[in-house]
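Participant: Contents of input.cif (mmCIF, C-alpha atoms) are given next:
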data_query
loop_
_atom_site.label_atom_id
_atom_site.label_comp_id
_atom_site.auth_asym_id
_atom_site.auth_seq_id
_atom_site.Cartn_x
_atom_site.Cartn_y
_atom_site.Cartn_z
CA MET M 1 3.61 11.01 -16.48
CA LEU M 2 5.96 8.22 -15.44
CA GLN M 3 4.92 6.07 -12.52
CA PRO M 4 7.46 3.68 -10.95
CA CYS M 5 6.58 0.01 -11.12
CA VAL M 6 7.04 -2.23 -8.09
CA TYR M 7 8.17 -5.77 -7.28
CA GLY M 8 9.69 -6.44 -10.67
CA ILE M 9 6.42 -6.97 -12.52
CA VAL M 10 6.78 -5.23 -15.86
CA SER M 11 3.87 -4.12 -18.03
CA ASP M 12 5.55 -4.20 -21.42
CA PRO M 13 5.22 -2.44 -23.84
CA HIS M 14 4.12 0.32 -21.47
CA CYS M 15 7.10 -0.03 -19.11
CA ARG M 16 10.74 0.80 -19.64
CA ARG M 17 13.41 -1.34 -18.05
CA THR M 18 17.10 -2.03 -18.13
CA GLY M 19 17.83 -5.74 -17.96
CA ARG M 20 15.67 -7.25 -15.23
CA ALA M 21 15.25 -3.99 -13.32
CA VAL M 22 12.13 -1.94 -13.88
CA THR M 23 12.74 1.78 -14.19
CA SER M 24 9.38 3.34 -14.99
CA CYS M 25 5.94 2.75 -16.43
CA ALA M 26 4.22 5.13 -18.85
CA THR M 27 0.55 4.20 -18.88
CA GLY M 28 -1.15 7.49 -19.77
CA SER M 29 -3.31 9.74 -17.68
CA GLY M 30 -6.80 8.79 -18.84
CA ARG M 31 -9.47 7.19 -16.68
CA THR M 32 -11.62 4.22 -17.47
CA VAL M 33 -15.26 4.90 -18.19
CA ILE M 34 -16.39 1.60 -16.65
CA SER M 35 -18.37 2.01 -13.43
CA ILE M 36 -16.36 1.87 -10.23
CA GLN M 37 -19.23 -0.16 -8.75
CA GLU M 38 -18.42 -3.07 -11.07
CA THR M 39 -18.62 -6.34 -9.17
CA PHE M 40 -15.81 -8.85 -9.18
CA TRP M 41 -17.92 -11.20 -11.32
CA ASP M 42 -18.77 -8.51 -13.88
CA PHE M 43 -15.11 -7.42 -14.05
CA SER M 44 -14.01 -11.01 -14.62
CA ASN M 45 -16.55 -11.64 -17.38
CA ARG M 46 -15.59 -8.42 -19.11
CA VAL M 47 -11.83 -8.97 -19.15
CA TYR M 48 -12.04 -12.74 -19.76
CA ARG M 49 -13.61 -12.01 -23.16
CA LEU M 50 -10.27 -10.49 -24.21
CA PRO M 51 -8.12 -13.22 -25.81
CA LEU M 52 -4.90 -11.82 -24.30
CA ALA M 53 -6.32 -11.90 -20.78
CA ARG M 54 -7.91 -15.33 -21.21
CA ASP M 55 -4.81 -16.96 -22.70
CA THR M 56 -2.53 -15.47 -20.04
CA LEU M 57 -4.77 -16.59 -17.19
CA LEU M 58 -5.00 -20.13 -18.56
CA THR M 59 -1.22 -20.30 -18.96
CA LEU M 60 -0.68 -19.16 -15.37
CA GLN M 61 -3.22 -21.76 -14.27
CA ASP M 62 -2.12 -24.74 -16.35
CA GLU M 63 1.66 -24.20 -16.32
CA HIS M 64 2.23 -22.64 -12.89
CA GLY M 65 -0.68 -23.83 -10.76
CA LEU M 66 -2.06 -20.37 -9.99
CA ASP M 67 -5.77 -19.91 -9.42
CA VAL M 68 -7.48 -17.80 -12.11
CA ASN M 69 -9.97 -16.31 -9.68
CA LEU M 70 -7.26 -15.25 -7.23
CA LEU M 71 -5.28 -13.65 -10.06
CA LEU M 72 -8.36 -11.78 -11.26
CA CYS M 73 -9.17 -10.73 -7.69
CA CYS M 74 -5.76 -9.06 -7.41
CA CYS M 75 -6.46 -6.99 -10.53
CA TRP M 76 -10.09 -6.23 -9.68
CA HIS M 77 -9.17 -5.08 -6.18
CA ALA M 78 -6.41 -2.85 -7.57
CA ARG M 79 -8.91 -1.22 -9.89
CA ASN M 80 -11.65 -0.74 -7.30
CA ARG M 81 -10.08 -0.64 -3.85
CA GLY M 82 -6.31 -0.53 -4.19
CA ARG M 83 -3.87 -2.79 -2.42
CA LEU M 84 -4.68 -6.03 -0.67
CA ASP M 85 -3.15 -6.37 2.78
CA PRO M 86 -1.31 -9.59 3.72
CA THR M 87 -4.08 -10.71 6.07
CA THR M 88 -6.71 -10.51 3.33
CA ILE M 89 -4.44 -12.40 0.93
CA ARG M 90 -4.02 -15.21 3.47
CA ARG M 91 -7.76 -15.31 4.16
CA ALA M 92 -8.43 -15.45 0.42
CA LEU M 93 -6.17 -18.49 0.09
CA VAL M 94 -7.79 -20.21 3.08
CA VAL M 95 -11.27 -19.65 1.63
CA SER M 96 -10.47 -20.21 -2.03
CA ARG M 97 -8.09 -23.17 -2.10
CA PRO M 98 -10.40 -25.86 -0.65
CA TRP M 99 -13.32 -24.71 -2.80
CA ALA M 100 -11.21 -24.72 -5.93
CA GLU M 101 -9.64 -28.10 -5.15
CA GLN M 102 -12.82 -29.90 -4.08
CA VAL M 103 -15.42 -28.30 -6.35
CA VAL M 104 -14.15 -26.19 -9.25
CA ARG M 105 -11.22 -28.28 -10.43
CA PRO M 106 -13.02 -31.65 -10.44
CA LEU M 107 -15.80 -30.11 -12.54
CA ARG M 108 -13.24 -28.56 -14.89
CA SER M 109 -11.35 -31.85 -15.16
CA ALA M 110 -14.53 -33.75 -16.03
CA ARG M 111 -15.54 -31.15 -18.62
CA ARG M 112 -12.12 -31.18 -20.28
CA TRP M 113 -11.95 -34.98 -20.29
CA MET M 114 -15.36 -35.23 -21.93
CA LYS M 115 -14.31 -32.74 -24.58
CA THR M 116 -11.06 -34.48 -25.53
CA ASP M 117 -11.71 -38.16 -24.78
CA ALA M 118 -15.29 -39.24 -24.16
CA LEU M 119 -16.67 -38.11 -27.51
CA GLY M 120 -14.02 -40.09 -29.34
CA HIS M 121 -15.49 -43.44 -28.35
CA ASP M 122 -16.89 -45.60 -31.14
CA THR M 123 -20.34 -45.66 -29.54
CA ALA M 124 -20.64 -41.92 -30.03
CA GLU M 125 -20.17 -42.34 -33.76
CA GLU M 126 -22.85 -44.97 -34.40
CA GLU M 127 -25.63 -43.66 -36.61
CA ASP M 128 -28.42 -45.02 -34.44
CA SER M 129 -26.86 -44.04 -31.12
CA ASP M 130 -27.90 -41.01 -29.06
CA ILE M 131 -24.90 -41.34 -26.74
CA GLY M 132 -22.91 -38.59 -28.45
CA PRO M 133 -25.61 -35.90 -28.10
CA ARG M 134 -26.32 -37.00 -24.53
CA GLN M 135 -22.63 -36.71 -23.69
CA ARG M 136 -22.54 -33.20 -25.10
CA GLN M 137 -25.64 -32.25 -23.12
CA LEU M 138 -24.06 -33.58 -19.94
CA ARG M 139 -20.86 -31.70 -20.66
CA ASP M 140 -22.85 -28.49 -21.12
CA ARG M 141 -24.50 -29.05 -17.75
CA ILE M 142 -21.13 -29.67 -16.12
CA LYS M 143 -19.82 -26.47 -17.69
CA ALA M 144 -22.78 -24.55 -16.26
CA LEU M 145 -22.10 -26.04 -12.82
CA GLU M 146 -18.43 -25.10 -13.15
CA LEU M 147 -19.40 -21.50 -13.86
CA GLN M 148 -21.77 -21.46 -10.88
CA ALA M 149 -18.98 -22.82 -8.67
CA GLU M 150 -16.56 -20.18 -9.92
CA ARG M 151 -19.09 -17.43 -9.29
CA LEU M 152 -19.56 -18.64 -5.72
CA GLN M 153 -15.79 -18.65 -5.29
CA GLN M 154 -15.62 -15.08 -6.57
CA ASP M 155 -18.47 -13.98 -4.30
CA MET M 156 -16.58 -15.44 -1.33
CA LEU M 157 -13.44 -13.58 -2.34
CA GLU M 158 -15.29 -10.31 -2.86
CA SER M 159 -16.87 -10.61 0.58
CA LEU M 160 -13.38 -10.58 2.13
CA SER M 161 -12.65 -7.13 0.73
CA GLU M 162 -13.32 -4.53 3.40
CA GLY M 163 -11.72 -1.51 1.80
CA PRO M 164 -13.84 1.54 0.90
CA VAL M 165 -15.07 1.91 -2.67
CA ALA M 166 -13.97 5.23 -4.14
CA SER M 167 -16.44 7.50 -5.90
CA LEU M 168 -14.09 7.52 -8.91
CA PRO M 169 -11.60 4.90 -10.09
CA PRO M 170 -7.98 5.46 -9.05
CA ARG M 171 -5.67 6.82 -11.71
CA LEU M 172 -4.48 4.14 -14.08
CA GLU M 173 -0.91 4.46 -12.79
CA SER M 174 -2.13 3.64 -9.28
CA GLN M 175 -4.17 0.70 -10.53
CA VAL M 176 -1.13 -0.79 -12.28
CA THR M 177 1.15 -0.28 -9.27
CA ASP M 178 -1.40 -1.74 -6.85
CA ALA M 179 -2.07 -4.71 -9.14
CA ALA M 180 1.66 -5.46 -9.25
CA HIS M 181 1.77 -5.30 -5.45
CA ASN M 182 -1.28 -7.57 -5.09
CA LEU M 183 0.04 -10.16 -7.53
CA GLN M 184 3.45 -10.22 -5.88
CA SER M 185 1.78 -10.68 -2.48
CA LEU M 186 -0.25 -13.57 -3.90
CA LEU M 187 2.88 -15.27 -5.22
CA GLU M 188 4.63 -14.90 -1.86
CA ALA M 189 1.64 -16.23 0.08
CA SER M 190 1.37 -19.14 -2.38
CA ALA M 191 5.12 -19.90 -2.12
CA VAL M 192 5.52 -19.47 -5.88
CA PRO M 193 8.87 -17.89 -6.86
CA LEU M 194 8.82 -14.97 -9.28
CA SER M 195 10.67 -16.34 -12.31
CA ASP M 196 11.29 -14.40 -15.50
CA ARG M 197 8.50 -16.36 -17.20
CA ILE M 198 5.95 -15.67 -14.47
CA ASN M 199 7.07 -12.04 -14.37
CA GLU M 200 6.30 -11.66 -18.08
CA LEU M 201 2.94 -13.40 -17.75
CA LEU M 202 1.88 -11.21 -14.82
CA ALA M 203 2.95 -8.11 -16.73
CA THR M 204 0.80 -9.23 -19.63
CA LEU M 205 -2.09 -9.90 -17.25
CA VAL M 206 -1.92 -6.37 -15.84
CA THR M 207 -1.80 -4.97 -19.36
CA ALA M 208 -4.74 -7.08 -20.52
CA THR M 209 -7.00 -6.45 -17.52
CA LEU M 210 -6.27 -2.80 -16.72
CA ILE M 211 -4.31 -0.95 -19.40
CA LEU M 212 -5.92 -2.20 -22.62
CA PRO M 213 -9.54 -1.86 -21.38
CA ASP M 214 -8.74 1.67 -20.17
CA GLN M 215 -7.31 2.61 -23.58
CA GLU M 216 -10.39 1.17 -25.28
CA GLY M 217 -12.58 3.32 -23.06
CA MET M 218 -10.66 6.47 -24.00
CA ARG M 219 -11.29 6.03 -27.74
#
Could you write out this structure as structure tokens?
Facilitator:
Amino acid sequence: MLQPCVYGIVSDPHCRRTGRAVTSCATGSGRTVISIQETFWDFSNRVYRLPLARDTLLTLQDEHGLDVNLLLCCCWHARNRGRLDPTTIRRALVVSRPWAEQVVRPLRSARRWMKTDALGHDTAEEEDSDIGPRQRQLRDRIKALELQAERLQQDMLESLSEGPVASLPPRLESQVTDAAHNLQSLLEASAVPLSDRINELLATLVTATLILPDQEGMR
């Protein structure tokens, strides 16, 4: 069955297009075996273990300034509850942006700095010094705090979702179409233009979070 894609987000290699225009998306008719009651946090942990999903999310974050948790929320909501309405998208940005800017990102910045710079100091290499191990222990604690902060951010985002939870997951074609709609709405609300590069990355994200896990479940 061929299901039209929307908003120019292409899920290659599952979609067929001519030039920049999307014509159709062949994603199969199977259903995922993962519980429809899966929380946002559980969904994120599951898909983030996939290298394709993780690398795509980090690229969208580091190169285009998009929030990983908001991107994941668009895909999780498409899988569980369908489309996000514009009001919920705006509320998600109002809730998520300050938390990410004031809490999550400073923790992430400190963790990354300690990984790339702090351990390179001469004092960390002295045989009789315990500074190196103590730095690593502190970095591990910062990483744990970062994860706690991200989980709180996700819980806040999940609490904004008021749509009914279906007894069975939507068909995969509907999940893909709704994810494309949600991601496009997020870009518009964030004032981020949909370039060819972002289009390809979002297509890969939909593939990695919805299509590939569904195919794995059908095996």
Participant: Given the file above and the PyMOL selection byres ((chain M and resi 140) around 12), which residues are selected, and can you give them as a count of residues only?
Facilitator: 21
Participant: List, as number ranges by chain, every residue that the PyMOL selection byres ((chain M and resi 71) around 9) selects in the file provided.
Facilitator: M: 57, 60, 66-70, 72-76, 182-183, 186, 202, 205
Participant: Near Asp155 of chain M, counting all atoms listed in the file, which residues have an atom at most 10 Å away, once you skip same-chain residues fewer than 6 positions from it, shown as a list in words?
Facilitator: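 The neighbour list is Thr39, Phe40, Trp41 and Ala149 of chain M.
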Participant: What is the atom CA of Arg151 of chain M to atom CA of Arg54 of chain M distance in Å?
Facilitator: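 Taking atom CA of Arg151 of chain M and atom CA of Arg54 of chain M, their separation equals 16.5 Å.
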Participant: Using the chain letters and residue numbers of this document, give as an MDAnalysis selection string the residues selected by the PyMOL selection byres ((chain M and resi 176) around 9).
Facilitator: chainID M and resid 5 11 25 27 75 78:79 171:175 177:181 206:207 210:211
Participant: Grab the atom CA of Ile198 of chain M to atom CA of Trp113 of chain M distance for me, in Å with one decimal place.
Facilitator: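 Here the two named atoms are 27.0 Å from each other.
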Participant: Which is closest to Thr59 of chain M among M:Ile131, M:Ala208, M:Leu201, M:Leu157, if we use all atoms listed in the file?
Facilitator: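 The shortest atom-to-atom distance to Thr59 of chain M comes from M:Leu201.
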Participant: Of the candidates M:Leu93, M:Ser109, M:Thr209, M:Asp55, which shows the shortest atom-to-atom distance to Leu187 of chain M, using only C-alpha atoms?
Facilitator: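 Ranking M:Leu93, M:Ser109, M:Thr209, M:Asp55 by distance to Leu187 of chain M, first place goes to M:Leu93.
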